[in-house]
file structure.tsv (TSV, C-alpha atoms)
chain	number	residue	atom	x	y	z
T	220	MET	CA	115.12	155.22	104.90
T	221	ARG	CA	115.38	151.89	103.05
T	222	SER	CA	112.26	149.73	103.30
T	223	ALA	CA	112.49	146.76	105.65
T	224	GLU	CA	110.50	144.81	103.05
T	225	LEU	CA	113.71	144.55	101.00
T	226	TRP	CA	115.60	142.77	103.81
T	227	ARG	CA	116.35	139.09	103.32
T	228	PRO	CA	117.86	136.84	106.02
T	229	PRO	CA	121.24	135.22	105.33
T	230	GLU	CA	121.07	131.87	103.53
T	231	SER	CA	122.41	130.07	106.61
T	232	TRP	CA	119.32	131.07	108.62
T	233	MET	CA	116.21	128.90	108.65
T	234	SER	CA	112.89	130.45	107.60
T	235	ILE	CA	109.59	128.76	108.52
T	236	SER	CA	106.25	130.11	107.28
T	237	THR	CA	103.02	129.83	109.27
T	238	ILE	CA	99.41	130.93	109.11
T	239	ASP	CA	98.13	131.64	112.62
T	240	CYS	CA	94.51	131.45	113.66
T	241	HIS	CA	92.40	130.90	116.74
T	242	THR	CA	89.47	128.57	117.33
T	243	GLU	CA	87.05	130.08	119.84
T	244	GLY	CA	90.04	131.88	121.38
T	245	GLU	CA	92.53	128.98	121.42
T	246	PRO	CA	95.61	129.64	119.22
T	247	LEU	CA	96.72	127.43	116.35
T	248	ARG	CA	99.97	128.05	114.46
T	249	VAL	CA	99.75	126.16	111.15
T	250	ILE	CA	103.20	125.42	109.67
T	251	THR	CA	102.93	125.77	105.89
T	252	ALA	CA	106.50	125.92	104.51
T	253	GLY	CA	110.19	125.74	105.41
T	254	PHE	CA	109.98	122.80	107.82
T	255	PRO	CA	112.34	119.84	107.23
T	256	ALA	CA	110.90	116.56	105.97
T	257	VAL	CA	109.22	114.35	108.59
T	258	HIS	CA	109.42	110.68	107.62
T	259	GLY	CA	107.11	107.78	108.43
T	260	GLU	CA	104.50	105.57	106.82
T	261	THR	CA	101.89	106.47	109.46
T	262	ILE	CA	101.15	109.67	111.38
T	263	LEU	CA	102.27	107.96	114.59
T	264	GLU	CA	105.59	107.08	112.94
T	265	ARG	CA	105.97	110.71	111.86
T	266	ARG	CA	105.14	111.79	115.39
T	267	ARG	CA	108.01	109.63	116.66
T	268	TYR	CA	110.35	110.95	113.94
T	269	MET	CA	109.46	114.55	114.76
T	270	LYS	CA	110.19	113.98	118.44
T	271	ALA	CA	113.53	112.30	117.68
T	272	HIS	CA	114.83	114.65	114.97
T	273	HIS	CA	113.04	118.03	114.99
T	274	ASP	CA	111.86	118.64	118.54
T	275	SER	CA	114.00	121.79	118.82
T	276	LEU	CA	111.86	123.31	116.05
T	277	ARG	CA	108.72	122.54	118.03
T	278	THR	CA	110.12	124.44	121.00
T	279	ALA	CA	111.39	127.24	118.72
T	280	LEU	CA	107.86	127.79	117.35
T	281	MET	CA	105.79	127.06	120.47
T	282	TRP	CA	107.93	128.56	123.24
T	283	GLU	CA	109.09	132.14	123.75
T	284	PRO	CA	110.23	134.37	122.12
T	285	ARG	CA	108.12	133.31	119.08
T	286	GLY	CA	105.34	131.70	121.09
T	287	HIS	CA	104.36	131.37	124.73
T	288	ALA	CA	103.53	128.72	127.35
T	289	ASP	CA	99.99	128.30	125.96
T	290	MET	CA	100.84	128.29	122.26
T	291	TYR	CA	99.53	125.43	120.12
T	292	GLY	CA	100.43	124.44	116.57
T	293	CYS	CA	100.35	121.85	113.83
T	294	LEU	CA	102.43	120.69	110.89
T	295	ILE	CA	100.63	119.78	107.68
T	296	SER	CA	102.02	116.64	106.07
T	297	PRO	CA	101.09	114.35	103.16
T	298	PRO	CA	98.18	111.95	103.83
T	299	VAL	CA	98.69	108.29	104.70
T	300	SER	CA	95.12	106.96	104.39
T	301	LYS	CA	93.09	106.38	101.26
T	302	GLY	CA	90.82	109.34	100.63
T	303	ALA	CA	92.54	111.68	103.12
T	304	GLN	CA	93.64	115.07	101.79
T	305	PHE	CA	96.45	115.68	104.29
T	306	GLY	CA	97.84	114.67	107.64
T	307	VAL	CA	98.54	116.76	110.73
T	308	LEU	CA	100.96	116.57	113.62
T	309	PHE	CA	99.71	118.60	116.59
T	310	MET	CA	102.20	120.19	118.98
T	311	HIS	CA	102.25	122.23	122.18
T	312	ASN	CA	104.49	123.26	125.08
T	313	GLU	CA	105.15	119.68	126.25
T	314	GLY	CA	105.19	117.63	123.06
T	315	TYR	CA	102.71	116.24	120.55
T	316	SER	CA	98.96	115.65	120.88
T	317	THR	CA	97.28	112.51	119.59
T	318	MET	CA	94.23	114.49	118.40
T	319	CYS	CA	92.98	118.03	118.70
T	320	GLY	CA	89.44	119.26	118.08
T	321	HIS	CA	90.16	122.97	118.03
T	322	GLY	CA	93.11	122.15	115.76
T	323	ILE	CA	90.88	120.33	113.27
T	324	ILE	CA	88.48	123.29	113.16
T	325	GLY	CA	91.36	125.73	112.81
T	326	VAL	CA	93.39	123.90	110.16
T	327	ALA	CA	90.25	123.18	108.10
T	328	THR	CA	89.48	126.90	108.11
T	329	VAL	CA	93.05	127.82	107.16
T	330	VAL	CA	93.42	125.38	104.25
T	331	LEU	CA	90.11	126.52	102.75
T	332	GLU	CA	90.35	130.28	103.29
T	333	THR	CA	93.94	130.43	101.98
T	334	GLY	CA	93.12	128.32	98.93
T	335	MET	CA	95.32	125.36	99.88
T	336	LEU	CA	92.23	123.24	99.21
T	337	PRO	CA	89.22	124.26	97.08
T	338	MET	CA	86.29	125.78	98.96
T	339	VAL	CA	82.93	124.26	98.06
T	340	ALA	CA	79.61	125.77	99.15
T	341	PRO	CA	77.52	125.08	101.12
T	342	VAL	CA	79.71	122.44	102.81
T	343	SER	CA	83.33	121.49	102.13
T	344	GLU	CA	84.29	118.01	103.33
T	345	ILE	CA	87.90	117.34	104.38
T	346	ARG	CA	89.38	114.03	105.54
T	347	ILE	CA	92.41	114.49	107.78
T	348	ASP	CA	94.91	111.90	109.03
T	349	THR	CA	95.72	112.37	112.73
T	350	PRO	CA	97.76	110.23	115.14
T	351	ALA	CA	94.44	108.98	116.61
T	352	GLY	CA	92.94	108.06	113.22
T	353	VAL	CA	91.11	109.64	110.28
T	354	VAL	CA	88.89	112.59	111.18
T	355	THR	CA	86.37	114.06	108.76
T	356	ALA	CA	85.72	117.81	108.97
T	357	TYR	CA	82.81	119.66	107.36
T	358	ALA	CA	83.17	123.40	106.78
T	359	ARG	CA	80.00	125.47	106.42
T	360	VAL	CA	80.72	127.97	103.64
T	361	GLU	CA	78.85	131.24	103.15
T	362	ASP	CA	79.85	134.16	100.88
T	363	GLY	CA	83.30	132.72	100.28
T	364	ARG	CA	84.10	132.36	103.98
T	365	VAL	CA	84.17	129.47	106.42
T	366	LYS	CA	81.47	130.29	108.96
T	367	SER	CA	82.01	127.22	111.14
T	368	VAL	CA	83.46	123.71	111.03
T	369	TYR	CA	82.07	120.54	112.51
T	370	PHE	CA	84.03	117.32	112.62
T	371	ARG	CA	83.18	113.66	113.08
T	372	ASN	CA	85.69	112.53	115.67
T	373	VAL	CA	87.30	109.18	116.35
T	374	ALA	CA	85.42	106.69	118.55
T	375	SER	CA	85.15	108.11	122.06
T	376	PHE	CA	84.42	106.16	125.22
T	377	ALA	CA	84.13	106.27	129.00
T	378	LEU	CA	87.03	104.40	130.59
T	379	ALA	CA	86.06	104.81	134.26
T	380	MET	CA	83.40	106.66	136.22
T	381	ASP	CA	83.10	107.79	139.83
T	382	GLU	CA	86.69	106.97	140.71
T	383	LYS	CA	88.56	108.62	143.59
T	384	VAL	CA	92.15	109.66	144.07
T	385	HIS	CA	93.82	111.40	147.00
T	386	VAL	CA	95.51	114.64	145.98
T	387	PRO	CA	97.72	116.49	148.50
T	388	GLY	CA	96.15	119.84	149.30
T	389	LEU	CA	92.82	118.89	147.74
T	390	GLY	CA	91.88	115.70	149.59
T	391	ASP	CA	89.92	112.89	147.94
T	392	VAL	CA	88.95	113.94	144.42
T	393	ARG	CA	86.19	112.16	142.47
T	394	TYR	CA	86.81	111.89	138.75
T	395	ASP	CA	85.71	110.23	135.52
T	396	LEU	CA	88.06	109.10	132.76
T	397	ALA	CA	87.14	109.28	129.08
T	398	PHE	CA	88.82	109.18	125.68
T	399	GLY	CA	87.92	111.61	122.89
T	400	GLY	CA	91.11	111.36	120.85
T	401	ALA	CA	93.11	111.74	124.06
T	402	PHE	CA	92.41	110.73	127.65
T	403	TYR	CA	91.11	113.26	130.17
T	404	ALA	CA	90.13	113.19	133.83
T	405	TYR	CA	86.83	115.04	134.38
T	406	VAL	CA	86.36	116.71	137.76
T	407	ASP	CA	83.39	118.71	139.07
T	408	ALA	CA	84.89	122.09	140.01
T	409	ASP	CA	82.14	122.82	142.59
T	410	THR	CA	83.21	119.85	144.72
T	411	LEU	CA	86.64	121.47	145.09
T	412	GLY	CA	85.36	125.02	145.53
T	413	LEU	CA	86.98	126.13	142.28
T	414	SER	CA	85.67	128.91	140.06
T	415	LEU	CA	85.90	128.39	136.31
T	416	GLY	CA	86.48	132.04	135.41
T	417	PRO	CA	89.66	133.73	134.12
T	418	GLY	CA	90.45	134.99	137.62
T	419	SER	CA	91.08	131.41	138.77
T	420	PHE	CA	93.60	130.73	136.00
T	421	ARG	CA	96.60	129.99	138.25
T	422	GLU	CA	94.64	127.93	140.79
T	423	LEU	CA	93.12	125.84	138.01
T	424	ILE	CA	96.57	125.09	136.55
T	425	GLU	CA	97.99	124.02	139.89
T	426	SER	CA	94.96	121.90	140.80
T	427	GLY	CA	94.66	120.35	137.35
T	428	MET	CA	98.31	119.34	137.22
T	429	ALA	CA	98.20	117.94	140.77
T	430	ILE	CA	95.15	115.80	139.94
T	431	LYS	CA	96.69	114.56	136.68
T	432	LYS	CA	99.92	113.62	138.47
T	433	GLU	CA	98.17	111.61	141.19
T	434	ILE	CA	95.90	109.75	138.78
T	435	MET	CA	98.89	108.81	136.62
T	436	LYS	CA	100.62	107.44	139.74
T	437	SER	CA	97.56	105.53	140.89
T	438	ARG	CA	96.39	103.63	137.80
T	439	PRO	CA	97.07	102.73	134.17
T	440	VAL	CA	95.26	104.64	131.42
T	441	SER	CA	95.09	102.19	128.55
T	442	HIS	CA	94.04	102.61	124.95
T	443	PRO	CA	92.71	99.35	123.49
T	444	PHE	CA	94.92	99.42	120.37
T	445	GLU	CA	97.76	101.97	120.58
T	446	ALA	CA	100.31	102.04	123.39
T	447	GLU	CA	101.35	105.55	122.32
T	448	LEU	CA	97.84	106.82	123.13
T	449	SER	CA	97.87	105.24	126.59
T	450	PHE	CA	98.51	108.28	128.75
T	451	LEU	CA	96.51	110.91	130.61
T	452	TYR	CA	96.66	114.14	128.60
T	453	GLY	CA	94.91	116.52	130.96
T	454	THR	CA	92.33	117.40	133.58
T	455	ILE	CA	89.01	118.97	132.59
T	456	PHE	CA	87.11	120.87	135.25
T	457	THR	CA	83.37	120.96	134.63
T	458	GLY	CA	80.80	123.29	136.14
T	459	HIS	CA	77.49	125.02	135.66
T	460	SER	CA	77.03	128.01	133.37
T	461	SER	CA	74.86	131.04	134.04
T	462	ASN	CA	74.10	131.35	130.32
T	463	THR	CA	70.79	130.01	129.06
T	464	GLY	CA	71.09	127.00	126.78
T	465	VAL	CA	74.61	126.07	127.87
T	466	GLN	CA	74.98	122.57	129.30
T	467	SER	CA	78.17	123.28	131.23
T	468	ARG	CA	81.52	125.04	131.27
T	469	HIS	CA	84.82	123.24	130.64
T	470	VAL	CA	88.31	124.36	131.64
T	471	CYS	CA	90.96	122.00	130.33
T	472	VAL	CA	94.46	121.96	131.85
T	473	PHE	CA	96.67	119.82	129.62
T	474	ALA	CA	100.26	119.05	128.61
T	475	GLU	CA	102.64	121.02	130.86
T	476	GLY	CA	100.04	123.26	132.51
T	477	GLU	CA	98.50	124.69	129.33
T	478	VAL	CA	94.97	126.06	129.64
T	479	ASP	CA	92.69	125.71	126.63
T	480	ARG	CA	90.89	128.95	125.79
T	481	SER	CA	88.29	126.92	123.84
T	482	PRO	CA	86.01	124.26	125.38
T	483	THR	CA	88.45	121.59	124.00
T	484	GLY	CA	87.13	119.55	121.08
T	485	THR	CA	88.57	116.21	122.18
T	486	GLY	CA	87.49	117.00	125.73
T	487	VAL	CA	83.92	117.70	124.60
T	488	SER	CA	84.03	114.39	122.71
T	489	GLY	CA	85.00	112.49	125.85
T	490	ARG	CA	82.36	114.35	127.85
T	491	LEU	CA	79.70	113.35	125.31
T	492	ALA	CA	80.72	109.71	125.87
T	493	LEU	CA	80.30	110.19	129.63
T	494	LEU	CA	76.95	111.98	129.30
T	495	TYR	CA	75.66	109.23	127.02
T	496	ALA	CA	76.93	106.48	129.35
T	497	ARG	CA	75.02	108.09	132.23
T	498	GLY	CA	71.84	108.40	130.20
T	499	GLU	CA	71.91	112.21	130.38
T	500	ILE	CA	71.81	112.67	126.60
T	501	GLY	CA	70.61	110.60	123.66
T	502	LEU	CA	71.58	110.24	120.02
T	503	ASP	CA	71.62	113.49	118.04
T	504	GLN	CA	70.85	115.58	121.12
T	505	THR	CA	72.82	118.83	120.81
T	506	VAL	CA	74.59	120.28	123.86
T	507	VAL	CA	76.53	123.52	124.18
T	508	ILE	CA	79.77	123.60	126.19
T	509	GLU	CA	81.45	126.92	126.96
T	510	SER	CA	85.05	127.76	127.78
T	511	ILE	CA	86.91	129.78	130.40
T	512	ILE	CA	86.50	132.90	128.20
T	513	GLY	CA	82.85	132.22	127.30
T	514	SER	CA	83.37	130.87	123.77
T	515	SER	CA	81.52	127.67	122.95
T	516	PHE	CA	81.39	124.40	121.00
T	517	THR	CA	78.27	122.45	120.20
T	518	GLY	CA	78.43	118.68	120.38
T	519	ARG	CA	76.24	115.68	119.74
T	520	VAL	CA	76.49	111.88	119.64
T	521	LYS	CA	75.94	110.80	116.03
T	522	GLU	CA	76.14	107.02	116.39
T	523	LEU	CA	77.36	104.16	118.55
T	524	THR	CA	80.16	101.74	117.78
T	525	GLN	CA	82.14	98.98	119.44
T	526	TYR	CA	85.75	99.98	119.99
T	527	GLY	CA	87.71	97.05	121.34
T	528	PRO	CA	86.11	96.22	124.71
T	529	HIS	CA	84.35	99.60	124.90
T	530	LEU	CA	80.89	100.66	123.76
T	531	ALA	CA	81.88	103.97	122.18
T	532	VAL	CA	80.16	106.97	120.68
T	533	VAL	CA	81.01	108.75	117.44
T	534	PRO	CA	80.86	112.44	118.44
T	535	GLU	CA	80.39	115.51	116.29
T	536	VAL	CA	81.76	118.84	117.53
T	537	GLU	CA	81.34	122.28	115.94
T	538	GLY	CA	82.98	125.68	116.38
T	539	SER	CA	84.48	128.62	114.46
T	540	ALA	CA	88.02	129.76	113.69
T	541	HIS	CA	89.54	133.01	112.42
T	542	ILE	CA	92.90	133.70	110.80
T	543	THR	CA	95.00	136.15	112.80
T	544	GLY	CA	98.22	136.50	110.85
T	545	ARG	CA	100.78	135.27	108.33
T	546	TYR	CA	104.33	134.93	109.59
T	547	GLU	CA	107.87	134.17	108.53
T	548	HIS	CA	109.80	132.88	111.54
T	549	ILE	CA	113.55	133.37	111.28
T	550	ILE	CA	115.97	131.15	113.18
T	551	ASP	CA	119.46	132.66	113.52
T	552	PRO	CA	121.95	129.82	114.19
T	553	GLN	CA	123.97	132.17	116.43
T	554	ASP	CA	120.99	133.12	118.60
T	555	PRO	CA	121.53	131.53	122.06
T	556	PHE	CA	117.73	131.32	122.45
T	557	ARG	CA	117.05	130.01	118.93
T	558	ASN	CA	115.35	126.86	120.31
T	559	GLY	CA	113.12	128.86	122.62
T	560	PHE	CA	112.50	128.98	126.35
T	561	MET	CA	109.38	128.82	128.48
T	562	LEU	CA	108.30	130.73	131.56
T	563	ARG	CA	105.10	129.79	133.35

call {"tool": "encode", "arguments": {"input": "structure.tsv", "output": "structure tokens"}}
result
Amino acid sequence: MRSAELWRPPESWMSISTIDCHTEGEPLRVITAGFPAVHGETILERRRYMKAHHDSLRTALMWEPRGHADMYGCLISPPVSKGAQFGVLFMHNEGYSTMCGHGIIGVATVVLETGMLPMVAPVSEIRIDTPAGVVTAYARVEDGRVKSVYFRNVASFALAMDEKVHVPGLGDVRYDLAFGGAFYAYVDADTLGLSLGPGSFRELIESGMAIKKEIMKSRPVSHPFEAELSFLYGTIFTGHSSNTGVQSRHVCVFAEGEVDRSPTGTGVSGRLALLYARGEIGLDQTVVIESIIGSSFTGRVKELTQYGPHLAVVPEVEGSAHITGRYEHIIDPQDPFRNGFMLR
């Protein structure tokens, strides 16, 4: 039998290469080659260009049959800021994120372990352009491997605390709003009688999306500088953990009902801003946040800054990523499902 390794797709078919990894259980598909050019002088301009011209490739790579409803990915692009090594456009089942903590940890691990950037021990520093601003990642290197990555996030702040919204089927729901690269509504799961374990997956999706929808109807969610960042990205349910040394558990329901398997890096950043605003943590105090599957991020407030009208924190979040595969995705122009489909 002839080896399948000798097969080559017809020249009319598109071939896109990716390195896949996961960060504390949350997938990241890193697009490395074969993607058409994405134009723009800033990452936000490239985000708009991608949405206008190449959105079918996002769905082809994120949705079934190549992905799934909870797939997440990013496209590496040239940098736009002085000193940055590259830019990233984050994508998911609904569209394009403004920032992504697990994505920063994952892409930093991928570019170092595959040799796309030189690995320097004991710490490799990488500056990355994101739609929300420049993010600096620091990879801890041991024995030629990336053991963990921590990143200094964009300014994060509490937008509103102890607000209430009426949600059909749930009643009056108390929530906080915070920005950690994206806006999230934080809700205490115990007040709604929700469990934060894998067995509550479907109920958490339905409740999280219902809360997000009602908050979006009830109030504006405004970023002080960028209109494109002025939207509610998701709902984060918080709750107690039975594990010693863990501050709390997070389950983030974002985009079109995606559930983050990690504790959500931008979500942890926003939570740090809330904890600091309430006086529950101080500068450089480390907290551990776990996810729906029991993986964890550590986070701390490194400094304070003024961000428009908001007193903001500069958070630092740390976790680990692992490469899971190297893929060549083939797009047959005659395939009726070439642009993907999604079942939830």

call {"tool": "closest_atom_pairs", "arguments": {"input": "structure.tsv", "of": "segment 418-521 of chain T", "to": "segment 243-259 of chain T", "cutoff": "10 Å", "atoms": "all atoms listed in the file", "output": "Markdown table"}}
result
| residue | atom | partner | partner_atom | distance |
| --- | --- | --- | --- | --- |
| T:Val478 | CA | T:Glu245 | CA | 9.1 |
| T:Asp479 | CA | T:Glu245 | CA | 6.2 |
| T:Arg480 | CA | T:Glu245 | CA | 4.7 |
| T:Ser481 | CA | T:Glu243 | CA | 5.2 |
| T:Pro482 | CA | T:Glu243 | CA | 8.1 |
| T:Thr483 | CA | T:Glu245 | CA | 8.8 |
| T:Glu509 | CA | T:Glu243 | CA | 9.6 |
| T:Ser510 | CA | T:Glu243 | CA | 8.5 |
| T:Ile511 | CA | T:Gly244 | CA | 9.8 |
| T:Ile512 | CA | T:Gly244 | CA | 7.8 |
| T:Gly513 | CA | T:Glu243 | CA | 8.8 |
| T:Ser514 | CA | T:Glu243 | CA | 5.4 |
| T:Ser515 | CA | T:Glu243 | CA | 6.8 |
| T:Phe516 | CA | T:Glu243 | CA | 8.1 |

call {"tool": "residues_near_point", "arguments": {"input": "structure.tsv", "point": "(116.2, 134.8, 106.8)", "cutoff": "7 Å", "atoms": "all atoms listed in the file", "output": "ChimeraX atom specification"}}
result
/T:227-230,232-234,549

call {"tool": "closest_atom_pairs", "arguments": {"input": "structure.tsv", "of": "segment 246-332 of chain T", "to": "segment 366-380 of chain T", "cutoff": "8 Å", "atoms": "only C-alpha atoms", "output": "Markdown table"}}
result
| residue | atom | partner | partner_atom | distance |
| --- | --- | --- | --- | --- |
| T:Gly320 | CA | T:Phe370 | CA | 7.9 |
| T:Ile323 | CA | T:Phe370 | CA | 7.5 |
| T:Ile324 | CA | T:Val368 | CA | 5.5 |
| T:Ala327 | CA | T:Val368 | CA | 7.4 |
| T:Thr328 | CA | T:Val368 | CA | 7.4 |

call {"tool": "residues_around", "arguments": {"input": "structure.tsv", "residues": "Gly306 of chain T", "least_positions_apart": "6", "cutoff": "6 Å", "atoms": "only C-alpha atoms", "output": "list in words"}}
result
Ile295, Ser296, Pro297, Pro298, Ile347, Asp348 and Thr349 of chain T

call {"tool": "write_last_selection", "arguments": {"input": "structure.tsv", "atoms": "C-alpha atoms", "output": "short mmCIF file (atom, residue, chain, number, x, y, z; two decimals), keeping the file's coordinate frame"}}
result
data_model
loop_
_atom_site.label_atom_id
_atom_site.label_comp_id
_atom_site.auth_asym_id
_atom_site.auth_seq_id
_atom_site.Cartn_x
_atom_site.Cartn_y
_atom_site.Cartn_z
CA ILE T 295 100.63 119.78 107.68
CA SER T 296 102.02 116.64 106.07
CA PRO T 297 101.09 114.35 103.16
CA PRO T 298 98.18 111.95 103.83
CA ILE T 347 92.41 114.49 107.78
CA ASP T 348 94.91 111.90 109.03
CA THR T 349 95.72 112.37 112.73
#

call {"tool": "closest_atom_pairs", "arguments": {"input": "structure.tsv", "of": "segment 280-362 of chain T", "to": "segment 421-442 of chain T", "cutoff": "12 Å", "atoms": "all atoms listed in the file", "output": "JSON lines"}}
result
{"residue": "T:Asp289", "atom": "CA", "partner": "T:Ile424", "partner_atom": "CA", "distance": 11.6}
{"residue": "T:Thr317", "atom": "CA", "partner": "T:His442", "partner_atom": "CA", "distance": 11.7}
{"residue": "T:Ala351", "atom": "CA", "partner": "T:His442", "partner_atom": "CA", "distance": 10.5}

call {"tool": "atom_distance", "arguments": {"input": "structure.tsv", "atom1": "atom CA of Ala408 of chain T", "atom2": "atom CA of Glu313 of chain T"}}
result
24.6 Å

call {"tool": "closest_residue", "arguments": {"input": "structure.tsv", "among": "T:Pro387, T:Gly286, T:Pro443, T:Pro337", "to": "Leu530 of chain T", "atoms": "all atoms listed in the file"}}
result
T:Pro443

call {"tool": "residues_around", "arguments": {"input": "structure.tsv", "residues": "Thr543 of chain T", "least_positions_apart": "4", "cutoff": "9 Å", "atoms": "only C-alpha atoms", "output": "PDB file with C-alpha atoms, keeping the file's coordinate frame"}}
result
ATOM      1  CA  ILE T 238      99.410 130.930 109.110  1.00  0.00           C
ATOM      2  CA  ASP T 239      98.130 131.640 112.620  1.00  0.00           C
ATOM      3  CA  CYS T 240      94.510 131.450 113.660  1.00  0.00           C
ATOM      4  CA  HIS T 241      92.400 130.900 116.740  1.00  0.00           C
TER       5      HIS T 241
END

call {"tool": "residues_near_point", "arguments": {"input": "structure.tsv", "point": "(77.1, 126.0, 99.0)", "cutoff": "7 Å", "atoms": "only C-alpha atoms", "output": "list in words"}}
result
Val339, Ala340, Pro341, Val342, Val360 and Glu361 of chain T

call {"tool": "closest_residue", "arguments": {"input": "structure.tsv", "among": "T:Ile262, T:Val326, T:Val506, T:Leu448", "to": "Ser467 of chain T", "atoms": "all atoms listed in the file"}}
result
T:Val506

call {"tool": "atom_distance", "arguments": {"input": "structure.tsv", "atom1": "atom CA of Pro534 of chain T", "atom2": "atom CA of Gly400 of chain T"}}
result
10.6 Å

call {"tool": "closest_residue", "arguments": {"input": "structure.tsv", "among": "T:Ser343, T:Gln466, T:Thr457, T:Ser449", "to": "Thr410 of chain T", "atoms": "all atoms listed in the file"}}
result
T:Thr457

call {"tool": "decode", "arguments": {"input": "structure.tsv", "residues": "segment 518-538 of chain T", "atoms": "N, CA and C atoms", "output": "PDB file, in the first residue's frame"}}
result
ATOM      1  N   GLY T 518      -2.390  34.708  40.541  1.00  0.00           N
ATOM      2  CA  GLY T 518      -2.484  36.103  40.141  1.00  0.00           C
ATOM      3  C   GLY T 518      -2.090  37.021  41.279  1.00  0.00           C
ATOM      4  N   ARG T 519      -1.643  38.200  40.918  1.00  0.00           N
ATOM      5  CA  ARG T 519      -1.270  39.200  41.918  1.00  0.00           C
ATOM      6  C   ARG T 519      -1.377  40.591  41.294  1.00  0.00           C
ATOM      7  N   VAL T 520      -1.591  41.595  42.133  1.00  0.00           N
ATOM      8  CA  VAL T 520      -1.588  42.987  41.686  1.00  0.00           C
ATOM      9  C   VAL T 520      -0.170  43.517  41.835  1.00  0.00           C
ATOM     10  N   LYS T 521       0.447  43.904  40.724  1.00  0.00           N
ATOM     11  CA  LYS T 521       1.838  44.357  40.759  1.00  0.00           C
ATOM     12  C   LYS T 521       1.960  45.848  41.036  1.00  0.00           C
ATOM     13  N   GLU T 522       1.051  46.652  40.525  1.00  0.00           N
ATOM     14  CA  GLU T 522       1.116  48.091  40.755  1.00  0.00           C
ATOM     15  C   GLU T 522      -0.238  48.712  40.455  1.00  0.00           C
ATOM     16  N   LEU T 523      -0.360  49.992  40.794  1.00  0.00           N
ATOM     17  CA  LEU T 523      -1.574  50.744  40.526  1.00  0.00           C
ATOM     18  C   LEU T 523      -1.291  51.768  39.438  1.00  0.00           C
ATOM     19  N   THR T 524      -2.338  52.149  38.717  1.00  0.00           N
ATOM     20  CA  THR T 524      -2.184  53.144  37.667  1.00  0.00           C
ATOM     21  C   THR T 524      -3.523  53.836  37.456  1.00  0.00           C
ATOM     22  N   GLN T 525      -3.488  55.025  36.916  1.00  0.00           N
ATOM     23  CA  GLN T 525      -4.719  55.715  36.541  1.00  0.00           C
ATOM     24  C   GLN T 525      -5.004  55.413  35.082  1.00  0.00           C
ATOM     25  N   TYR T 526      -6.210  54.964  34.810  1.00  0.00           N
ATOM     26  CA  TYR T 526      -6.576  54.589  33.448  1.00  0.00           C
ATOM     27  C   TYR T 526      -7.846  55.347  33.088  1.00  0.00           C
ATOM     28  N   GLY T 527      -7.676  56.498  32.440  1.00  0.00           N
ATOM     29  CA  GLY T 527      -8.833  57.354  32.217  1.00  0.00           C
ATOM     30  C   GLY T 527      -9.413  57.759  33.556  1.00  0.00           C
ATOM     31  N   PRO T 528     -10.726  57.595  33.752  1.00  0.00           N
ATOM     32  CA  PRO T 528     -11.339  57.958  35.034  1.00  0.00           C
ATOM     33  C   PRO T 528     -11.190  56.895  36.119  1.00  0.00           C
ATOM     34  N   HIS T 529     -10.558  55.760  35.791  1.00  0.00           N
ATOM     35  CA  HIS T 529     -10.532  54.619  36.697  1.00  0.00           C
ATOM     36  C   HIS T 529      -9.183  54.464  37.393  1.00  0.00           C
ATOM     37  N   LEU T 530      -9.222  54.211  38.699  1.00  0.00           N
ATOM     38  CA  LEU T 530      -8.031  53.736  39.398  1.00  0.00           C
ATOM     39  C   LEU T 530      -7.905  52.259  39.063  1.00  0.00           C
ATOM     40  N   ALA T 531      -6.849  51.893  38.358  1.00  0.00           N
ATOM     41  CA  ALA T 531      -6.705  50.540  37.833  1.00  0.00           C
ATOM     42  C   ALA T 531      -5.534  49.827  38.475  1.00  0.00           C
ATOM     43  N   VAL T 532      -5.520  48.524  38.326  1.00  0.00           N
ATOM     44  CA  VAL T 532      -4.404  47.704  38.778  1.00  0.00           C
ATOM     45  C   VAL T 532      -3.685  47.152  37.548  1.00  0.00           C
ATOM     46  N   VAL T 533      -2.406  46.880  37.711  1.00  0.00           N
ATOM     47  CA  VAL T 533      -1.644  46.163  36.690  1.00  0.00           C
ATOM     48  C   VAL T 533      -1.472  44.734  37.219  1.00  0.00           C
ATOM     49  N   PRO T 534      -2.230  43.777  36.672  1.00  0.00           N
ATOM     50  CA  PRO T 534      -2.196  42.408  37.195  1.00  0.00           C
ATOM     51  C   PRO T 534      -1.126  41.551  36.528  1.00  0.00           C
ATOM     52  N   GLU T 535      -0.716  40.535  37.255  1.00  0.00           N
ATOM     53  CA  GLU T 535       0.206  39.533  36.736  1.00  0.00           C
ATOM     54  C   GLU T 535      -0.440  38.175  36.964  1.00  0.00           C
ATOM     55  N   VAL T 536      -0.522  37.384  35.900  1.00  0.00           N
ATOM     56  CA  VAL T 536      -1.197  36.088  35.948  1.00  0.00           C
ATOM     57  C   VAL T 536      -0.253  35.022  35.412  1.00  0.00           C
ATOM     58  N   GLU T 537      -0.238  33.842  36.057  1.00  0.00           N
ATOM     59  CA  GLU T 537       0.700  32.788  35.668  1.00  0.00           C
ATOM     60  C   GLU T 537       0.001  31.439  35.543  1.00  0.00           C
ATOM     61  N   GLY T 538       0.417  30.676  34.524  1.00  0.00           N
ATOM     62  CA  GLY T 538      -0.078  29.330  34.314  1.00  0.00           C
ATOM     63  C   GLY T 538       0.849  28.580  33.365  1.00  0.00           C
TER      64      GLY T 538
END
